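Asker: What follows is a single structure, and I will ask about it in a moment.
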4 protein chains.
Amino acid sequence: MKRTRLPEDPVKKARMQAAALALFASAGYQATKVDAIAAKAQVSKGLIFKYFGNKEQLYLATLRQAYDRLMAIMDETVWQESDDLVAMVTNATRYKISLQLQYPQEFQLLLNGFIHLKQLPASGRQYVEQMMVANQDLTQRLVLPVFAKMTFKPGITATDALTVLNYVTSGYLEKFQQYLLSHPEVTTVAEMEPLLADLTRYLRIVEYGFVAPD
Amino acid sequence: MKRTRLPEDPVKKARMQAAALALFASAGYQATKVDAIAAKAQVSKGLIFKYFGNKEQLYLATLRQAYDRLMAIMDETVWQESDDLVAMVTNATRYKISLQLQYPQEFQLLLNGFIHLKQLPASGRQYVEQMMVANQDLTQRLVLPVFAKMTFKPGITATDALTVLNYVTSGYLEKFQQYLLSHPEVTTVAEMEPLLADLTRYLRIVEYGFVAPD
Amino acid sequence: MKRTRLPEDPVKKARMQAAALALFASAGYQATKVDAIAAKAQVSKGLIFKYFGNKEQLYLATLRQAYDRLMAIMDETVWQESDDLVAMVTNATRYKISLQLQYPQEFQLLLNGFIHLKQLPASGRQYVEQMMVANQDLTQRLVLPVFAKMTFKPGITATDALTVLNYVTSGYLEKFQQYLLSHPEVTTVAEMEPLLADLTRYLRIVEYGFVAPD
Amino acid sequence: MKRTRLPEDPVKKARMQAAALALFASAGYQATKVDAIAAKAQVSKGLIFKYFGNKEQLYLATLRQAYDRLMAIMDETVWQESDDLVAMVTNATRYKISLQLQYPQEFQLLLNGFIHLKQLPASGRQYVEQMMVANQDLTQRLVLPVFAKMTFKPGITATDALTVLNYVTSGYLEKFQQYLLSHPEVTTVAEMEPLLADLTRYLRIVEYGFVAPD
DNA sequence: GATGAATGAGTCTTCATTCAT
DNA sequence: GATGAATGAAGACTCATTCAT
């Protein structure tokens, strides 16, 4: 009862994917050599091509896997819904940060993916765009219910608020990522709590402004 | 004090830099071929290597030039100071946008530089980081005087406000850049005014929050 | 007398040979991949190497088999002898054509074999040459008795006549083969009869010349 | 006054073409390695690609050059026209033979070209077909005027006669080529005269038949 | 014995860099 | 000094052949 048209060795495939992830994430598409991936995966060059077709498809597969892995986890609604917008977004961000600590390579890969794809056929652009959209959707799904209970200043729409919220949280995450790069010793979310306090203040600013009412 | 004989032809050197800027900015480091730069600059390939040593140095030189050019212009305090924070930041952003329209290649190069530098020796990373810091400084120099006249909510510092302000304006500028990429027909700041209205609302949110006072 | 243990499965071996024949004949030596042969034969790649040693040996074996098969059939003296040279040679050719229709792959293989063998060790050249000679012999065996009853023009030997006869029939067969390639719908000798009429005229020219006696 | 978009070194280019001709002719397309051509031409691999683009185009260029070279020479009407068909065709063949002795590689290449092209994109098939047609045309142009003065046997057309003539001369040339391969010491046409006497007899057979009039 | 996953030498091709002119 | 022809190291990819299971 042979069905296998893909009799791939899952162990080796995993090693290849892991090696590809690590190298693509840290060096980008062009600078990563298939030879290097094969060496890191302790696998022959030929096998990589047998499993993935060519370098580009390997990149795309790596991208997709990183995306899928992150999405799978994010989708588990660990996010406690709440009426407190600041607390909720802070929590969500804390969660994202923990993911970033757990899967730094996947994050790095997807972050750069958007840039590197310019140098690739459009075939893979969708993954990254999907990821962007999914991320946006997630925030929206989370935040909109809370917005529904709030009253906006005249002239300000929910979309405006959401946009600003997004700018702030992504800006924050970006700076956070840089912080991690220069502090590789940090590996737990607990160590990051002081920085998360910053975010809380930032979000409160978005909600109520920084200007003291006179 | 040997001046390492270099009676370089400034006209040709400028052509090389311009060609390098255009190509590196639009295609990135790896995808840009030295041949193409030489052709675009109407200069022999050999001369490029004589003037810049190698491709990487040329990239770094191009990066530095783009940075210097932008900084030189930004430093002219065209920025009208004002007491209205929103108006002022909007103005500053409008100014940045006009720069972006005037020097799209320099902007593009520095934007990607951050990513591509990972694939290069750290020797060049400083340019991009300097640029980031300088940018921050500029905003700070501009905004802090206004902050001085404002009263902050308890628990919120000027740094907090500045940070959020930065997040929002850079997030906005990023989206703006993407808009420009997909609308190459847009070439004047005037055409962008509608979009700038968005920013004004965003900034007002930062200042006063989006939540209506009850 | 060690029979080098080879309890080969004749069914599988036949399938391999058939697959090799089909692929080598249509695509040539280099363009035919061992993988493809194994797949077409529904046999593992390893088995091919166990049975035939390497790709080259497989090619040679295929060549030999094609040769043997054709020779075995040609030897059955289906050829009706006759006193009419033209009728006889036309018949023989008709017979060759029917063989060609029955065994197109074997013909194709041997046809190309002559070319491709240059790229292989001389070890296999003999098959093709043998085939050429055998073919010649066959014609000779058939034609010579008829020649014996004929009177040749002064200065013309039986060998001359035989040679010219051979040139004409092989030239004709070659053109015929090309015709078949571009008309794959033709599968019976009956459909070829019109073309065979050409051959009859050609042979009559060889026998009596094309110049009208004055 | 630079115009050169093809500043190719004619000496090196000639060496490359010569090397390519020799190797392609003797080993065929696939079995000939670009490395080998570069080595034989005493030129770097890169230069071959700069001059010819890729291996296939090099093959095509070689094919075309062989074709052009032969055609250029054949077109010089060295062929003395004559009313004696046999003498004329023999002369023409003698001429072809001298060409074959002078340009054995070109002949070999074009001979195999037809076979090897199957494994190449159709882009080059035209050269070989052109060559075939041109060759046919040449014979026709030469022979038809003579035919015009002749009367054909009833039922035999000029086309028939031409076809048989072609079969015989090409069959002869083919055998001749094989003879040359196994007698590399033969280098002048003079040495071939005995064999040419054969052809004369063959052609006379075509003209008047081999059967003695009773 | 049979399998087909795995290997890696070998191939084409690119392009930064050199150097004779 | 300037040129651009020439180089060859390096990279993606193929496929005959091997060998552990």
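Note on naming: chains are A, B, ... as they come in the structure tokens, residues start from 1 per chain, ligands start from 1 in the order shown.
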Compute the chain E side of the contact with chain A at 8 Å, counting only C-alpha atoms (C1' of nucleotides), and hand it back as an MDAnalysis selection string.
Answerer: chainID E and resid 6:8
Asker: Find the spatial neighbours of Tyr208 of chain A, counting only C-alpha atoms (C1' of nucleotides), within a cut-off of 7 Å - ignore same-chain residues fewer than 3 positions away - and output them as JSON, numbers by chain.
Answerer: {"A": [204, 205], "B": [208, 209, 210, 211]}
Asker: For N, CA and C atoms, I'd like the residues from the last selection saved as a short mmCIF file (atom, residue, chain, number, x, y, z; two decimals), in the first residue's frame.
Answerer:
data_model
loop_
_atom_site.label_atom_id
_atom_site.label_comp_id
_atom_site.auth_asym_id
_atom_site.auth_seq_id
_atom_site.Cartn_x
_atom_site.Cartn_y
_atom_site.Cartn_z
N ARG A 204 -2.01 54.67 26.96
CA ARG A 204 -2.88 55.59 27.68
C ARG A 204 -2.88 56.95 27.00
N ILE A 205 -1.71 57.31 26.50
CA ILE A 205 -1.64 58.57 25.75
C ILE A 205 -2.58 58.54 24.55
N TYR B 208 -4.67 64.67 22.66
CA TYR B 208 -5.84 64.74 23.56
C TYR B 208 -6.55 63.41 23.72
N GLY B 209 -6.07 62.36 23.04
CA GLY B 209 -6.75 61.08 23.13
C GLY B 209 -7.92 61.00 22.18
N PHE B 210 -8.39 59.80 21.97
CA PHE B 210 -9.54 59.68 21.07
C PHE B 210 -10.85 59.51 21.84
N VAL B 211 -10.72 59.29 23.13
CA VAL B 211 -11.93 59.06 23.92
C VAL B 211 -12.62 60.38 24.22
#
Asker: Least-squares superposition of chain B on chain A, all Cα atoms, in-order pairing: what RMSD comes out, in Å?
Answerer: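 Between these identical-sequence chains, the C-alpha RMSD is 1.7 Å.
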Asker: Sorted by chain and rising residue number, which residues of chain F lie within 10 Å of chain A, and what are their closest atom pairs and distances in Å to one decimal, counting only C-alpha atoms (C1' of nucleotides), as CSV?
Answerer:
residue,atom,partner,partner_atom,distance
F:DG11,C1',A:Lys33,CA,7.5
F:DA12,C1',A:Lys55,CA,7.9
F:DC13,C1',A:Phe49,CA,7.8
F:DT14,C1',A:Gly46,CA,8.6
F:DC15,C1',A:Gly46,CA,9.6
Asker: From the set D:Ala25, D:Ala31, D:Leu99, D:Leu63, which residue has the shortest atom-to-atom contact distance to chain C, counting only C-alpha atoms?
Answerer: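 Closest residue, counting only C-alpha atoms: D:Ala31.
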Asker: From a DSSP pass on the backbone, collect the residues of segment 150-180 of chain D flagged as helix (DSSP H, G or I) and hand them back as a list in words.
Answerer: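 Matching residues for helix (DSSP H, G or I) in segment 150-180 of chain D are Ala158, Thr159, Asp160, Ala161, Leu162, Thr163, Val164, Leu165, Asn166, Tyr167, Val168, Thr169, Ser170, Gly171, Tyr172, Leu173, Glu174, Lys175, Phe176, Gln177, Gln178, Tyr179 and Leu180 of chain D.
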Asker: Keeping N, CA and C atoms for every residue in the selection just given, could you write it to a file as a PDB file, in the first residue's frame?
Answerer:
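Result went into part18.pdb, see below:
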ATOM      1  N   ALA D 158      11.112  14.073 -64.273  1.00  0.00           N
ATOM      2  CA  ALA D 158      12.393  14.684 -63.903  1.00  0.00           C
ATOM      3  C   ALA D 158      12.603  14.588 -62.391  1.00  0.00           C
ATOM      4  N   THR D 159      11.516  14.756 -61.631  1.00  0.00           N
ATOM      5  CA  THR D 159      11.612  14.655 -60.181  1.00  0.00           C
ATOM      6  C   THR D 159      12.100  13.276 -59.755  1.00  0.00           C
ATOM      7  N   ASP D 160      11.571  12.264 -60.409  1.00  0.00           N
ATOM      8  CA  ASP D 160      12.031  10.906 -60.110  1.00  0.00           C
ATOM      9  C   ASP D 160      13.533  10.795 -60.331  1.00  0.00           C
ATOM     10  N   ALA D 161      13.935  11.252 -61.486  1.00  0.00           N
ATOM     11  CA  ALA D 161      15.347  11.139 -61.821  1.00  0.00           C
ATOM     12  C   ALA D 161      16.211  11.896 -60.820  1.00  0.00           C
ATOM     13  N   LEU D 162      15.764  13.087 -60.471  1.00  0.00           N
ATOM     14  CA  LEU D 162      16.508  13.905 -59.511  1.00  0.00           C
ATOM     15  C   LEU D 162      16.588  13.208 -58.151  1.00  0.00           C
ATOM     16  N   THR D 163      15.469  12.648 -57.740  1.00  0.00           N
ATOM     17  CA  THR D 163      15.436  11.958 -56.457  1.00  0.00           C
ATOM     18  C   THR D 163      16.445  10.816 -56.429  1.00  0.00           C
ATOM     19  N   VAL D 164      16.404   9.990 -57.465  1.00  0.00           N
ATOM     20  CA  VAL D 164      17.323   8.858 -57.499  1.00  0.00           C
ATOM     21  C   VAL D 164      18.769   9.345 -57.541  1.00  0.00           C
ATOM     22  N   LEU D 165      18.980  10.376 -58.311  1.00  0.00           N
ATOM     23  CA  LEU D 165      20.309  10.971 -58.373  1.00  0.00           C
ATOM     24  C   LEU D 165      20.773  11.397 -56.980  1.00  0.00           C
ATOM     25  N   ASN D 166      19.888  12.028 -56.288  1.00  0.00           N
ATOM     26  CA  ASN D 166      20.208  12.476 -54.926  1.00  0.00           C
ATOM     27  C   ASN D 166      20.505  11.299 -54.012  1.00  0.00           C
ATOM     28  N   TYR D 167      19.667  10.298 -54.067  1.00  0.00           N
ATOM     29  CA  TYR D 167      19.882   9.122 -53.220  1.00  0.00           C
ATOM     30  C   TYR D 167      21.266   8.557 -53.462  1.00  0.00           C
ATOM     31  N   VAL D 168      21.599   8.437 -54.744  1.00  0.00           N
ATOM     32  CA  VAL D 168      22.878   7.799 -55.058  1.00  0.00           C
ATOM     33  C   VAL D 168      24.049   8.664 -54.626  1.00  0.00           C
ATOM     34  N   THR D 169      23.982   9.949 -54.932  1.00  0.00           N
ATOM     35  CA  THR D 169      25.129  10.784 -54.551  1.00  0.00           C
ATOM     36  C   THR D 169      25.238  10.919 -53.033  1.00  0.00           C
ATOM     37  N   SER D 170      24.128  11.040 -52.351  1.00  0.00           N
ATOM     38  CA  SER D 170      24.280  11.168 -50.895  1.00  0.00           C
ATOM     39  C   SER D 170      24.706   9.845 -50.281  1.00  0.00           C
ATOM     40  N   GLY D 171      24.174   8.754 -50.783  1.00  0.00           N
ATOM     41  CA  GLY D 171      24.637   7.451 -50.294  1.00  0.00           C
ATOM     42  C   GLY D 171      26.130   7.307 -50.513  1.00  0.00           C
ATOM     43  N   TYR D 172      26.550   7.715 -51.686  1.00  0.00           N
ATOM     44  CA  TYR D 172      27.966   7.635 -52.003  1.00  0.00           C
ATOM     45  C   TYR D 172      28.789   8.503 -51.055  1.00  0.00           C
ATOM     46  N   LEU D 173      28.345   9.739 -50.888  1.00  0.00           N
ATOM     47  CA  LEU D 173      29.085  10.668 -50.018  1.00  0.00           C
ATOM     48  C   LEU D 173      29.161  10.147 -48.589  1.00  0.00           C
ATOM     49  N   GLU D 174      28.093   9.525 -48.157  1.00  0.00           N
ATOM     50  CA  GLU D 174      28.057   8.991 -46.797  1.00  0.00           C
ATOM     51  C   GLU D 174      29.113   7.891 -46.631  1.00  0.00           C
ATOM     52  N   LYS D 175      29.101   6.986 -47.586  1.00  0.00           N
ATOM     53  CA  LYS D 175      30.094   5.901 -47.515  1.00  0.00           C
ATOM     54  C   LYS D 175      31.497   6.487 -47.591  1.00  0.00           C
ATOM     55  N   PHE D 176      31.596   7.492 -48.397  1.00  0.00           N
ATOM     56  CA  PHE D 176      32.871   8.159 -48.553  1.00  0.00           C
ATOM     57  C   PHE D 176      33.363   8.729 -47.223  1.00  0.00           C
ATOM     58  N   GLN D 177      32.475   9.368 -46.549  1.00  0.00           N
ATOM     59  CA  GLN D 177      32.788   9.955 -45.241  1.00  0.00           C
ATOM     60  C   GLN D 177      33.286   8.886 -44.275  1.00  0.00           C
ATOM     61  N   GLN D 178      32.622   7.762 -44.277  1.00  0.00           N
ATOM     62  CA  GLN D 178      33.071   6.663 -43.419  1.00  0.00           C
ATOM     63  C   GLN D 178      34.459   6.194 -43.810  1.00  0.00           C
ATOM     64  N   TYR D 179      34.679   6.154 -45.097  1.00  0.00           N
ATOM     65  CA  TYR D 179      35.990   5.750 -45.572  1.00  0.00           C
ATOM     66  C   TYR D 179      37.068   6.700 -45.030  1.00  0.00           C
ATOM     67  N   LEU D 180      36.750   7.975 -45.076  1.00  0.00           N
ATOM     68  CA  LEU D 180      37.705   8.966 -44.579  1.00  0.00           C
ATOM     69  C   LEU D 180      37.984   8.780 -43.093  1.00  0.00           C
TER      70      LEU D 180
END
